[in-house]
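S.K.: Please find protein01.cif (mmCIF, C-alpha atoms and all ligand atoms) on the next line:
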```
data_data
#
loop_
_atom_site.group_PDB
_atom_site.id
_atom_site.type_symbol
_atom_site.label_atom_id
_atom_site.label_comp_id
_atom_site.auth_asym_id
_atom_site.auth_seq_id
_atom_site.Cartn_x
_atom_site.Cartn_y
_atom_site.Cartn_z
ATOM 1 C CA MET A 1 -4.581 -18.431 29.799
ATOM 2 C CA GLY A 2 -5.813 -15.244 28.144
ATOM 3 C CA GLY A 3 -3.957 -13.511 25.347
ATOM 4 C CA ARG A 4 -2.891 -9.875 25.411
ATOM 5 C CA VAL A 5 -6.046 -8.776 23.566
ATOM 6 C CA GLN A 6 -8.311 -11.600 24.686
ATOM 7 C CA GLY A 7 -11.983 -10.976 23.928
ATOM 8 C CA LYS A 8 -11.392 -7.785 21.952
ATOM 9 C CA VAL A 9 -12.772 -7.285 18.452
ATOM 10 C CA ALA A 10 -10.367 -5.753 15.942
ATOM 11 C CA LEU A 11 -10.919 -4.368 12.454
ATOM 12 C CA VAL A 12 -7.752 -4.321 10.336
ATOM 13 C CA THR A 13 -7.687 -2.561 6.956
ATOM 14 C CA GLY A 14 -5.017 -3.553 4.452
ATOM 15 C CA GLY A 15 -5.270 -7.016 6.012
ATOM 16 C CA ALA A 16 -4.343 -8.833 2.802
ATOM 17 C CA SER A 17 -0.661 -7.928 2.876
ATOM 18 C CA GLY A 18 2.378 -6.773 4.790
ATOM 19 C CA LEU A 19 1.847 -5.020 8.104
ATOM 20 C CA GLY A 20 -1.940 -5.378 8.095
ATOM 21 C CA ALA A 21 -1.744 -9.131 7.475
ATOM 22 C CA GLU A 22 0.882 -9.671 10.186
ATOM 23 C CA SER A 23 -1.041 -7.497 12.660
ATOM 24 C CA ALA A 24 -4.222 -9.467 11.995
ATOM 25 C CA ARG A 25 -2.372 -12.763 12.571
ATOM 26 C CA ARG A 26 -0.813 -11.580 15.825
ATOM 27 C CA LEU A 27 -3.985 -9.964 17.158
ATOM 28 C CA ALA A 28 -5.796 -13.251 16.511
ATOM 29 C CA ARG A 29 -3.031 -15.250 18.228
ATOM 30 C CA GLU A 30 -3.370 -12.952 21.241
ATOM 31 C CA GLY A 31 -7.082 -13.670 21.525
ATOM 32 C CA ALA A 32 -8.823 -11.016 19.419
ATOM 33 C CA LYS A 33 -11.615 -11.682 16.948
ATOM 34 C CA VAL A 34 -10.401 -10.035 13.769
ATOM 35 C CA MET A 35 -12.251 -8.584 10.787
ATOM 36 C CA LEU A 36 -9.782 -8.155 7.930
ATOM 37 C CA THR A 37 -10.592 -5.886 5.012
ATOM 38 C CA ASP A 38 -8.768 -5.031 1.792
ATOM 39 C CA LEU A 39 -9.259 -4.217 -1.879
ATOM 40 C CA ALA A 40 -7.410 -7.459 -2.639
ATOM 41 C CA ALA A 41 -10.159 -9.953 -1.817
ATOM 42 C CA GLU A 42 -8.404 -13.189 -2.742
ATOM 43 C CA ALA A 43 -5.259 -12.423 -0.769
ATOM 44 C CA GLY A 44 -7.323 -11.101 2.150
ATOM 45 C CA GLN A 45 -9.409 -14.267 2.265
ATOM 46 C CA GLY A 46 -6.145 -16.238 2.133
ATOM 47 C CA VAL A 47 -4.766 -14.531 5.261
ATOM 48 C CA THR A 48 -8.144 -15.014 6.967
ATOM 49 C CA ASP A 49 -8.125 -18.731 6.126
ATOM 50 C CA GLU A 50 -4.617 -19.060 7.629
ATOM 51 C CA ILE A 51 -5.842 -17.477 10.866
ATOM 52 C CA LEU A 52 -8.871 -19.797 10.955
ATOM 53 C CA ALA A 53 -6.634 -22.814 10.292
ATOM 54 C CA GLU A 54 -4.514 -21.823 13.317
ATOM 55 C CA GLY A 55 -7.671 -21.836 15.446
ATOM 56 C CA GLY A 56 -8.185 -18.060 15.450
ATOM 57 C CA VAL A 57 -11.441 -16.190 14.943
ATOM 58 C CA ALA A 58 -11.506 -14.046 11.805
ATOM 59 C CA ALA A 59 -13.532 -12.989 8.789
ATOM 60 C CA PHE A 60 -12.870 -10.982 5.647
ATOM 61 C CA LEU A 61 -14.752 -8.179 3.896
ATOM 62 C CA SER A 62 -13.694 -6.465 0.694
ATOM 63 C CA GLN A 63 -13.354 -2.725 1.166
ATOM 64 C CA ASP A 64 -12.011 0.322 -0.589
ATOM 65 C CA VAL A 65 -11.052 2.668 2.255
ATOM 66 C CA VAL A 66 -11.932 5.765 0.238
ATOM 67 C CA ASP A 67 -15.559 4.628 -0.146
ATOM 68 C CA GLU A 68 -17.452 6.176 2.783
ATOM 69 C CA ALA A 69 -20.652 4.178 2.312
ATOM 70 C CA ARG A 70 -18.588 0.973 2.494
ATOM 71 C CA TRP A 71 -17.009 2.103 5.772
ATOM 72 C CA ALA A 72 -20.467 2.340 7.329
ATOM 73 C CA GLU A 73 -21.263 -1.194 6.120
ATOM 74 C CA VAL A 74 -17.934 -2.653 7.264
ATOM 75 C CA VAL A 75 -18.253 -1.261 10.786
ATOM 76 C CA ALA A 76 -21.901 -2.413 11.002
ATOM 77 C CA GLU A 77 -21.027 -5.901 9.692
ATOM 78 C CA THR A 78 -18.139 -6.213 12.150
ATOM 79 C CA VAL A 79 -20.407 -5.375 15.077
ATOM 80 C CA ALA A 80 -23.158 -7.657 13.737
ATOM 81 C CA ARG A 81 -20.729 -10.549 13.400
ATOM 82 C CA PHE A 82 -18.548 -10.163 16.505
ATOM 83 C CA GLY A 83 -20.752 -8.085 18.819
ATOM 84 C CA ARG A 84 -18.555 -4.996 19.345
ATOM 85 C CA LEU A 85 -15.561 -3.056 18.044
ATOM 86 C CA ASP A 86 -12.576 -2.437 20.327
ATOM 87 C CA VAL A 87 -9.654 -1.925 17.969
ATOM 88 C CA LEU A 88 -9.232 -0.325 14.545
ATOM 89 C CA VAL A 89 -5.917 -0.686 12.710
ATOM 90 C CA ASN A 90 -5.778 1.652 9.713
ATOM 91 C CA SER A 91 -3.085 -0.123 7.695
ATOM 92 C CA ALA A 92 -4.412 0.137 4.111
ATOM 93 C CA GLY A 93 -2.075 2.415 2.226
ATOM 94 C CA VAL A 94 -0.039 3.005 -0.879
ATOM 95 C CA GLY A 95 3.586 4.001 -1.267
ATOM 96 C CA SER A 96 5.016 6.299 -3.845
ATOM 97 C CA GLY A 97 7.977 5.437 -6.021
ATOM 98 C CA GLY A 98 10.186 8.318 -7.095
ATOM 99 C CA GLN A 99 7.869 11.209 -7.965
ATOM 100 C CA PRO A 100 9.978 14.397 -7.960
ATOM 101 C CA ILE A 101 7.827 17.439 -7.278
ATOM 102 C CA LEU A 102 8.799 18.959 -10.632
ATOM 103 C CA GLU A 103 7.200 15.963 -12.346
ATOM 104 C CA ALA A 104 4.402 15.183 -9.890
ATOM 105 C CA THR A 105 0.803 15.220 -11.084
ATOM 106 C CA PHE A 106 -2.250 16.343 -9.153
ATOM 107 C CA GLU A 107 -3.847 13.005 -9.971
ATOM 108 C CA GLY A 108 -0.931 11.125 -8.381
ATOM 109 C CA TRP A 109 -1.004 13.384 -5.328
ATOM 110 C CA ARG A 110 -4.767 12.928 -4.914
ATOM 111 C CA ARG A 111 -4.498 9.143 -5.134
ATOM 112 C CA ILE A 112 -1.869 8.839 -2.399
ATOM 113 C CA VAL A 113 -3.348 11.448 -0.073
ATOM 114 C CA GLY A 114 -6.810 9.999 -0.732
ATOM 115 C CA ILE A 115 -5.995 6.440 0.292
ATOM 116 C CA ASN A 116 -3.498 7.175 3.079
ATOM 117 C CA LEU A 117 -5.078 10.222 4.715
ATOM 118 C CA ASP A 118 -8.751 10.331 3.644
ATOM 119 C CA GLY A 119 -8.989 6.561 4.190
ATOM 120 C CA THR A 120 -7.662 6.951 7.743
ATOM 121 C CA PHE A 121 -10.031 9.853 8.461
ATOM 122 C CA LEU A 122 -12.991 7.762 7.295
ATOM 123 C CA GLY A 123 -11.924 4.853 9.482
ATOM 124 C CA VAL A 124 -11.706 7.064 12.545
ATOM 125 C CA ARG A 125 -14.977 8.788 11.669
ATOM 126 C CA HIS A 126 -16.917 5.522 11.395
ATOM 127 C CA ALA A 127 -15.298 3.466 14.168
ATOM 128 C CA ALA A 128 -15.091 6.133 16.880
ATOM 129 C CA PRO A 129 -18.852 6.519 17.489
ATOM 130 C CA VAL A 130 -19.223 2.763 18.063
ATOM 131 C CA MET A 131 -16.232 2.713 20.415
ATOM 132 C CA ALA A 132 -17.410 5.801 22.284
ATOM 133 C CA ALA A 133 -20.872 4.288 22.746
ATOM 134 C CA GLN A 134 -19.249 1.145 24.178
ATOM 135 C CA GLY A 135 -17.135 3.179 26.606
ATOM 136 C CA GLY A 136 -13.771 2.896 24.878
ATOM 137 C CA GLY A 137 -11.482 1.503 22.236
ATOM 138 C CA SER A 138 -8.096 1.840 20.576
ATOM 139 C CA ILE A 139 -7.449 3.255 17.112
ATOM 140 C CA ILE A 140 -4.029 2.657 15.594
ATOM 141 C CA ASN A 141 -3.071 4.649 12.514
ATOM 142 C CA LEU A 142 -0.156 3.651 10.306
ATOM 143 C CA SER A 143 1.903 6.752 9.750
ATOM 144 C CA SER A 144 5.612 6.350 8.927
ATOM 145 C CA ILE A 145 9.040 7.769 9.608
ATOM 146 C CA LEU A 146 8.115 9.674 6.441
ATOM 147 C CA GLY A 147 5.399 11.369 8.487
ATOM 148 C CA LYS A 148 8.212 12.840 10.589
ATOM 149 C CA VAL A 149 11.045 13.496 8.129
ATOM 150 C CA GLY A 150 11.036 14.161 4.396
ATOM 151 C CA LEU A 151 12.320 12.021 1.520
ATOM 152 C CA PRO A 152 13.034 13.402 -1.954
ATOM 153 C CA GLY A 153 10.541 12.094 -4.496
ATOM 154 C CA ALA A 154 7.918 11.290 -1.865
ATOM 155 C CA ALA A 155 6.100 14.589 -1.263
ATOM 156 C CA ALA A 156 2.589 13.147 -1.452
ATOM 157 C CA TYR A 157 3.475 10.160 0.726
ATOM 158 C CA CYS A 158 5.222 12.348 3.317
ATOM 159 C CA ALA A 159 2.325 14.817 3.342
ATOM 160 C CA SER A 160 -0.204 12.001 3.748
ATOM 161 C CA LYS A 161 1.721 10.406 6.618
ATOM 162 C CA GLY A 162 2.420 13.730 8.347
ATOM 163 C CA GLY A 163 -1.315 14.346 8.061
ATOM 164 C CA VAL A 164 -2.047 10.962 9.658
ATOM 165 C CA ALA A 165 0.183 11.857 12.639
ATOM 166 C CA LEU A 166 -1.602 15.145 13.337
ATOM 167 C CA LEU A 167 -5.058 13.743 12.580
ATOM 168 C CA THR A 168 -4.207 11.171 15.251
ATOM 169 C CA LYS A 169 -3.269 13.788 17.847
ATOM 170 C CA ALA A 170 -6.283 16.036 17.199
ATOM 171 C CA VAL A 171 -8.818 13.227 17.468
ATOM 172 C CA ALA A 172 -6.964 11.702 20.444
ATOM 173 C CA LEU A 173 -7.692 14.919 22.345
ATOM 174 C CA GLU A 174 -11.340 14.874 21.317
ATOM 175 C CA LEU A 175 -11.927 11.207 22.039
ATOM 176 C CA ALA A 176 -9.989 10.842 25.317
ATOM 177 C CA PRO A 177 -13.030 11.725 27.474
ATOM 178 C CA ALA A 178 -14.949 8.924 25.720
ATOM 179 C CA GLY A 179 -12.206 6.394 26.547
ATOM 180 C CA VAL A 180 -11.110 6.014 22.931
ATOM 181 C CA ARG A 181 -7.318 6.057 22.559
ATOM 182 C CA VAL A 182 -5.792 7.037 19.209
ATOM 183 C CA ASN A 183 -2.099 6.544 18.450
ATOM 184 C CA SER A 184 0.117 6.496 15.375
ATOM 185 C CA VAL A 185 2.844 3.997 14.510
ATOM 186 C CA HIS A 186 5.894 5.171 12.572
ATOM 187 C CA PRO A 187 7.753 2.257 11.000
ATOM 188 C CA GLY A 188 11.108 2.541 9.303
ATOM 189 C CA PHE A 189 11.482 0.575 6.057
ATOM 190 C CA ILE A 190 9.978 -2.863 6.642
ATOM 191 C CA GLU A 191 10.289 -5.881 4.318
ATOM 192 C CA THR A 192 6.763 -5.955 2.894
ATOM 193 C CA PRO A 193 5.502 -6.040 -0.706
ATOM 194 C CA MET A 194 5.280 -2.203 -0.630
ATOM 195 C CA VAL A 195 9.001 -1.788 0.020
ATOM 196 C CA ILE A 196 10.123 -4.836 -1.965
ATOM 197 C CA ASN A 197 8.282 -3.476 -5.043
ATOM 198 C CA VAL A 198 9.898 -0.035 -4.706
ATOM 199 C CA MET A 199 13.332 -1.716 -4.614
ATOM 200 C CA ARG A 200 12.486 -3.971 -7.573
ATOM 201 C CA GLU A 201 11.248 -1.077 -9.675
ATOM 202 C CA SER A 202 14.410 0.980 -9.065
ATOM 203 C CA GLU A 203 17.195 1.023 -11.684
ATOM 204 C CA ASN A 204 19.576 -0.911 -9.457
ATOM 205 C CA GLU A 205 17.790 -3.041 -6.873
ATOM 206 C CA ASN A 206 20.875 -3.899 -4.792
ATOM 207 C CA GLU A 207 22.102 -0.320 -4.680
ATOM 208 C CA MET A 208 18.659 0.879 -3.649
ATOM 209 C CA ARG A 209 18.429 -1.767 -0.911
ATOM 210 C CA ASP A 210 21.891 -0.831 0.428
ATOM 211 C CA MET A 211 20.987 2.860 0.373
ATOM 212 C CA ILE A 212 17.772 2.250 2.315
ATOM 213 C CA ILE A 213 19.498 -0.039 4.815
ATOM 214 C CA SER A 214 22.278 2.508 5.388
ATOM 215 C CA ARG A 215 19.736 5.000 6.755
ATOM 216 C CA HIS A 216 18.809 2.668 9.608
ATOM 217 C CA ALA A 217 21.341 2.769 12.466
ATOM 218 C CA MET A 218 20.708 -0.936 13.094
ATOM 219 C CA GLY A 219 21.944 -1.747 9.579
ATOM 220 C CA ARG A 220 18.945 -3.730 8.324
ATOM 221 C CA LEU A 221 15.334 -3.441 7.250
ATOM 222 C CA GLY A 222 12.609 -4.229 9.760
ATOM 223 C CA VAL A 223 10.373 -7.286 9.539
ATOM 224 C CA PRO A 224 6.550 -7.154 9.784
ATOM 225 C CA ARG A 225 6.500 -8.847 13.203
ATOM 226 C CA GLU A 226 8.378 -5.897 14.695
ATOM 227 C CA ILE A 227 5.557 -3.537 13.702
ATOM 228 C CA ALA A 228 2.776 -6.008 14.493
ATOM 229 C CA ASP A 229 4.149 -6.329 18.049
ATOM 230 C CA ALA A 230 3.906 -2.541 18.477
ATOM 231 C CA ILE A 231 0.345 -2.662 17.145
ATOM 232 C CA VAL A 232 -0.667 -5.449 19.539
ATOM 233 C CA PHE A 233 0.793 -3.353 22.384
ATOM 234 C CA LEU A 234 -1.272 -0.313 21.363
ATOM 235 C CA ALA A 235 -4.369 -2.486 20.896
ATOM 236 C CA SER A 236 -3.976 -4.026 24.350
ATOM 237 C CA ASP A 237 -4.616 -2.560 27.785
ATOM 238 C CA GLU A 238 -0.822 -2.574 28.318
ATOM 239 C CA SER A 239 -0.849 0.860 26.621
ATOM 240 C CA SER A 240 -3.810 2.156 28.652
ATOM 241 C CA PHE A 241 -2.157 5.544 29.415
ATOM 242 C CA MET A 242 -1.111 6.207 25.808
ATOM 243 C CA THR A 243 -3.074 8.415 23.481
ATOM 244 C CA GLY A 244 -2.008 10.891 20.806
ATOM 245 C CA SER A 245 1.432 9.236 20.847
ATOM 246 C CA GLU A 246 3.799 8.553 17.984
ATOM 247 C CA LEU A 247 5.274 5.084 18.419
ATOM 248 C CA VAL A 248 8.457 5.076 16.322
ATOM 249 C CA VAL A 249 9.765 1.629 15.336
ATOM 250 C CA ASP A 250 12.527 2.429 12.889
ATOM 251 C CA GLY A 251 15.869 0.812 13.752
ATOM 252 C CA GLY A 252 17.231 4.281 14.502
ATOM 253 C CA TYR A 253 16.320 5.935 11.156
ATOM 254 C CA THR A 254 15.032 9.140 12.764
ATOM 255 C CA ALA A 255 17.568 9.196 15.604
ATOM 256 C CA ALA A 256 20.127 10.865 13.349
HETATM 257 N N1 LIG A 301 6.437 -1.289 4.722
HETATM 258 C C1 LIG A 301 6.977 -0.197 5.207
HETATM 259 O O1 LIG A 301 8.202 -0.018 5.205
HETATM 260 C C2 LIG A 301 6.127 0.884 5.800
HETATM 261 C C3 LIG A 301 6.772 1.901 6.491
HETATM 262 C C4 LIG A 301 6.020 2.918 7.065
HETATM 263 C C5 LIG A 301 4.643 2.895 6.950
HETATM 264 N N2 LIG A 301 4.036 1.907 6.259
HETATM 265 C C6 LIG A 301 2.583 1.958 6.152
HETATM 266 O O2 LIG A 301 2.026 0.766 6.659
HETATM 267 C C7 LIG A 301 0.816 0.459 5.984
HETATM 268 C C8 LIG A 301 0.896 -0.957 5.432
HETATM 269 O O3 LIG A 301 1.961 -1.009 4.496
HETATM 270 P P1 LIG A 301 2.544 -2.394 3.960
HETATM 271 O O4 LIG A 301 3.998 -2.253 3.920
HETATM 272 O O5 LIG A 301 1.905 -3.515 4.703
HETATM 273 O O6 LIG A 301 2.019 -2.352 2.455
HETATM 274 P P2 LIG A 301 1.413 -3.511 1.531
HETATM 275 O O7 LIG A 301 1.433 -2.944 0.152
HETATM 276 O O8 LIG A 301 2.090 -4.792 1.795
HETATM 277 O O9 LIG A 301 -0.093 -3.623 2.053
HETATM 278 C C9 LIG A 301 -0.995 -2.571 1.892
HETATM 279 C C10 LIG A 301 -2.388 -3.147 1.680
HETATM 280 O O10 LIG A 301 -3.309 -2.050 1.536
HETATM 281 C C11 LIG A 301 -4.238 -2.415 0.548
HETATM 282 N N3 LIG A 301 -4.861 -1.220 -0.045
HETATM 283 C C12 LIG A 301 -4.291 -0.310 -0.862
HETATM 284 N N4 LIG A 301 -5.184 0.609 -1.232
HETATM 285 C C13 LIG A 301 -6.366 0.273 -0.627
HETATM 286 C C14 LIG A 301 -7.669 0.835 -0.610
HETATM 287 N N5 LIG A 301 -7.972 1.937 -1.311
HETATM 288 N N6 LIG A 301 -8.624 0.222 0.137
HETATM 289 C C15 LIG A 301 -8.338 -0.892 0.829
HETATM 290 N N7 LIG A 301 -7.130 -1.486 0.838
HETATM 291 C C16 LIG A 301 -6.148 -0.904 0.126
HETATM 292 C C17 LIG A 301 -3.431 -3.205 -0.477
HETATM 293 O O11 LIG A 301 -4.279 -4.009 -1.284
HETATM 294 C C18 LIG A 301 -2.505 -4.011 0.415
HETATM 295 O O12 LIG A 301 -3.039 -5.262 0.725
HETATM 296 C C19 LIG A 301 0.672 1.524 4.885
HETATM 297 O O13 LIG A 301 -0.187 2.541 5.358
HETATM 298 C C20 LIG A 301 2.080 2.041 4.723
HETATM 299 O O14 LIG A 301 2.095 3.352 4.223
HETATM 300 C C21 LIG A 301 4.741 0.897 5.685
#
```
Take the structure in the file and give it back as structure tokens.
M.R.:
Amino acid sequence: MGGRVQGKVALVTGGASGLGAESARRLAREGAKVMLTDLAAEAGQGVTDEILAEGGVAAFLSQDVVDEARWAEVVAETVARFGRLDVLVNSAGVGSGGQPILEATFEGWRRIVGINLDGTFLGVRHAAPVMAAQGGGSIINLSSILGKVGLPGAAAYCASKGGVALLTKAVALELAPAGVRVNSVHPGFIETPMVINVMRESENENEMRDMIISRHAMGRLGVPREIADAIVFLASDESSFMTGSELVVDGGYTAA
């Protein structure tokens, strides 16, 4: 019996951790061949080895998503290894701890916007031509609820994720005639190292956790599987009439 993305080839950035790692695992379980990339080579190879041990098809490449020359190599190596490229998941990203605008630095701004927004642009720019030449594909960009609503102390993060949402819509319009779908995913706060570290670094971890939880109508944080399932849906042909969409998976955070 075929999986939901049987025979597709997926490239997942940020595959060493959190949402990228879980998406790579689930895409592989649903029949995709998965190329994982990340700055963190040891952890990325570890996730890849887990997938291989489960009988999946996967490989790992180290990549800094702000390095354009490396993007060209990663896309070419993925096609050389697995024959095509059907799915790109742009999950590599960095969060921002409390950085009030009155204390923010240009350097800090540039780092966050660079990785989260420039990195996503480069992914789209390098994957889309291959997908268009093949007759189609699905690009999934990790935005956030913080690409829809603001959070004090997170100006650069919010700006980067709002940028990802509108980048997604603009290129979705351009690429629709070529059969390439482009959608953004907007998670609430999900239990991954990114969020766990923000809570740990706060003055009072329990208070911070309770405050974050209280903003979700469902009264809990999300778990990576809940985002990975949305990503598998967007990667699969089940979402064949979706492009330029914002898929919000946030336990009710933005319903208020
Ligand atoms: N966890 C959440 O609550 C949440 C919510 C909304 C959106 N997101 C977004 O989802 C994506 C994944 O987040 P996560 O929670 O899995 O975080 P994470 O920190 O667990 O994983 C992010 C991965 O990206 C990699 N990375 C960072 N900079 C990189 C670079 N320049 N090049 C290549 N890889 C790089 C890291 O090494 C890490 O493995 C991010 O874009 C994040 O902004 C997360």
S.K.: Given the PyMOL selection byres (((chain A and resi 168) around 7) and not hetatm) and the file above, list the residues it selects as a PDB file with C-alpha atoms, keeping the file's coordinate frame.
M.R.:
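Generated file (expr-v8.pdb):
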```
ATOM      1  CA  VAL A 164      -2.047  10.962   9.658  1.00  0.00           C
ATOM      2  CA  ALA A 165       0.183  11.857  12.639  1.00  0.00           C
ATOM      3  CA  LEU A 166      -1.602  15.145  13.337  1.00  0.00           C
ATOM      4  CA  LEU A 167      -5.058  13.743  12.580  1.00  0.00           C
ATOM      5  CA  LYS A 169      -3.269  13.788  17.847  1.00  0.00           C
ATOM      6  CA  ALA A 170      -6.283  16.036  17.199  1.00  0.00           C
ATOM      7  CA  VAL A 171      -8.818  13.227  17.468  1.00  0.00           C
ATOM      8  CA  ALA A 172      -6.964  11.702  20.444  1.00  0.00           C
ATOM      9  CA  VAL A 182      -5.792   7.037  19.209  1.00  0.00           C
ATOM     10  CA  ASN A 183      -2.099   6.544  18.450  1.00  0.00           C
ATOM     11  CA  SER A 184       0.117   6.496  15.375  1.00  0.00           C
ATOM     12  CA  GLY A 244      -2.008  10.891  20.806  1.00  0.00           C
TER      13      GLY A 244
END
```
S.K.: How many Å separate atom CA of A:Ala16 from atom CA of A:Gly98?
M.R.: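 Between these atoms lies a distance of 24.6 Å.
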S.K.: Closest to ligand LIG 301 (chain A) among A:Ala155, A:Val94, A:Val57, A:Met242, using all atoms listed in the file?
M.R.: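 Of A:Ala155, A:Val94, A:Val57, A:Met242, the one nearest ligand LIG 301 (chain A) is A:Val94, counting all atoms listed in the file.
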S.K.: Each residue of stretch 12-49 of chain A lying at most 12 Å from stretch 221-232 of chain A should get a row with its shortest atom-to-atom pair and the distance in Å to one decimal, counting only C-alpha atoms; could you produce that, ordered by chain and increasing number, as a Markdown table?
M.R.:
```
| residue | atom | partner | partner_atom | distance |
| --- | --- | --- | --- | --- |
| A:Val12 | CA | A:Ile231 | CA | 10.7 |
| A:Gly15 | CA | A:Ala228 | CA | 11.7 |
| A:Ser17 | CA | A:Pro224 | CA | 10.0 |
| A:Gly18 | CA | A:Pro224 | CA | 6.5 |
| A:Leu19 | CA | A:Pro224 | CA | 5.4 |
| A:Gly20 | CA | A:Ala228 | CA | 8.0 |
| A:Ala21 | CA | A:Pro224 | CA | 8.8 |
| A:Glu22 | CA | A:Ala228 | CA | 6.0 |
| A:Ser23 | CA | A:Ala228 | CA | 4.5 |
| A:Ala24 | CA | A:Ala228 | CA | 8.2 |
| A:Arg25 | CA | A:Ala228 | CA | 8.7 |
| A:Arg26 | CA | A:Ala228 | CA | 6.8 |
| A:Leu27 | CA | A:Val232 | CA | 6.1 |
| A:Ala28 | CA | A:Val232 | CA | 9.8 |
| A:Arg29 | CA | A:Val232 | CA | 10.2 |
| A:Glu30 | CA | A:Val232 | CA | 8.2 |
| A:Gly31 | CA | A:Val232 | CA | 10.6 |
| A:Ala32 | CA | A:Val232 | CA | 9.9 |
```
S.K.: Enumerate residues in contact with ligand LIG 301 (chain A): an atom-to-atom distance of at most 7 Å, counting only C-alpha atoms and all ligand atoms. Format the result as a ChimeraX atom specification.
M.R.: /A:13-20,37-40,63-66,91-95,115-116,142-145,186-195
S.K.: Taking into account only C-alpha atoms, which residue in the set A:Ala176, A:Ala76, A:Val89, A:Ala53 is nearest to A:His126?
M.R.: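 Closest to A:His126 of all the choices is A:Ala76.
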S.K.: When you count only C-alpha atoms, which of these residues is closest to A:Gly114: A:Glu68, A:Asp210, A:Glu50, A:Glu42?
M.R.: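 Checking each of A:Glu68, A:Asp210, A:Glu50, A:Glu42 against A:Gly114, counting only C-alpha atoms, the winner is A:Glu68.
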S.K.: Using only C-alpha atoms, which of the listed residues (A:Ala69, A:Pro129, A:Ala159, A:Gly123) sits closest to A:Trp109?
M.R.: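 Smallest distance to A:Trp109 is found for A:Ala159.
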S.K.: Can you take the partial stretch 73-84 of chain A, add N, CA, C and O atoms, and return it as a PDB file, in the frame of the given file?
M.R.:
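Once everything was written out, this is part06.pdb:
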```
ATOM      1  N   GLU A  73     -20.866   0.223   6.181  1.00  0.00           N
ATOM      2  CA  GLU A  73     -21.263  -1.194   6.120  1.00  0.00           C
ATOM      3  C   GLU A  73     -20.265  -2.082   6.860  1.00  0.00           C
ATOM      4  O   GLU A  73     -20.644  -3.007   7.572  1.00  0.00           O
ATOM      5  N   VAL A  74     -18.977  -1.808   6.663  1.00  0.00           N
ATOM      6  CA  VAL A  74     -17.934  -2.653   7.264  1.00  0.00           C
ATOM      7  C   VAL A  74     -17.996  -2.590   8.793  1.00  0.00           C
ATOM      8  O   VAL A  74     -17.904  -3.621   9.480  1.00  0.00           O
ATOM      9  N   VAL A  75     -18.167  -1.389   9.321  1.00  0.00           N
ATOM     10  CA  VAL A  75     -18.253  -1.261  10.786  1.00  0.00           C
ATOM     11  C   VAL A  75     -19.516  -1.983  11.281  1.00  0.00           C
ATOM     12  O   VAL A  75     -19.469  -2.750  12.254  1.00  0.00           O
ATOM     13  N   ALA A  76     -20.644  -1.769  10.582  1.00  0.00           N
ATOM     14  CA  ALA A  76     -21.901  -2.413  11.002  1.00  0.00           C
ATOM     15  C   ALA A  76     -21.786  -3.940  10.912  1.00  0.00           C
ATOM     16  O   ALA A  76     -22.238  -4.665  11.811  1.00  0.00           O
ATOM     17  N   GLU A  77     -21.155  -4.436   9.848  1.00  0.00           N
ATOM     18  CA  GLU A  77     -21.027  -5.901   9.692  1.00  0.00           C
ATOM     19  C   GLU A  77     -20.096  -6.497  10.740  1.00  0.00           C
ATOM     20  O   GLU A  77     -20.295  -7.620  11.203  1.00  0.00           O
ATOM     21  N   THR A  78     -19.062  -5.726  11.112  1.00  0.00           N
ATOM     22  CA  THR A  78     -18.139  -6.213  12.150  1.00  0.00           C
ATOM     23  C   THR A  78     -18.876  -6.357  13.479  1.00  0.00           C
ATOM     24  O   THR A  78     -18.759  -7.372  14.177  1.00  0.00           O
ATOM     25  N   VAL A  79     -19.659  -5.342  13.814  1.00  0.00           N
ATOM     26  CA  VAL A  79     -20.407  -5.375  15.077  1.00  0.00           C
ATOM     27  C   VAL A  79     -21.481  -6.478  15.020  1.00  0.00           C
ATOM     28  O   VAL A  79     -21.673  -7.219  15.983  1.00  0.00           O
ATOM     29  N   ALA A  80     -22.129  -6.623  13.857  1.00  0.00           N
ATOM     30  CA  ALA A  80     -23.158  -7.657  13.737  1.00  0.00           C
ATOM     31  C   ALA A  80     -22.548  -9.046  13.914  1.00  0.00           C
ATOM     32  O   ALA A  80     -23.118  -9.919  14.560  1.00  0.00           O
ATOM     33  N   ARG A  81     -21.347  -9.226  13.372  1.00  0.00           N
ATOM     34  CA  ARG A  81     -20.729 -10.549  13.400  1.00  0.00           C
ATOM     35  C   ARG A  81     -20.072 -10.881  14.738  1.00  0.00           C
ATOM     36  O   ARG A  81     -20.191 -11.976  15.262  1.00  0.00           O
ATOM     37  N   PHE A  82     -19.347  -9.878  15.298  1.00  0.00           N
ATOM     38  CA  PHE A  82     -18.548 -10.163  16.505  1.00  0.00           C
ATOM     39  C   PHE A  82     -19.041  -9.443  17.767  1.00  0.00           C
ATOM     40  O   PHE A  82     -18.427  -9.548  18.823  1.00  0.00           O
ATOM     41  N   GLY A  83     -20.104  -8.633  17.625  1.00  0.00           N
ATOM     42  CA  GLY A  83     -20.752  -8.085  18.819  1.00  0.00           C
ATOM     43  C   GLY A  83     -20.279  -6.729  19.296  1.00  0.00           C
ATOM     44  O   GLY A  83     -20.973  -6.063  20.062  1.00  0.00           O
ATOM     45  N   ARG A  84     -19.082  -6.281  18.892  1.00  0.00           N
ATOM     46  CA  ARG A  84     -18.555  -4.996  19.345  1.00  0.00           C
ATOM     47  C   ARG A  84     -17.379  -4.588  18.470  1.00  0.00           C
ATOM     48  O   ARG A  84     -17.040  -5.311  17.524  1.00  0.00           O
TER      49      ARG A  84
END
```
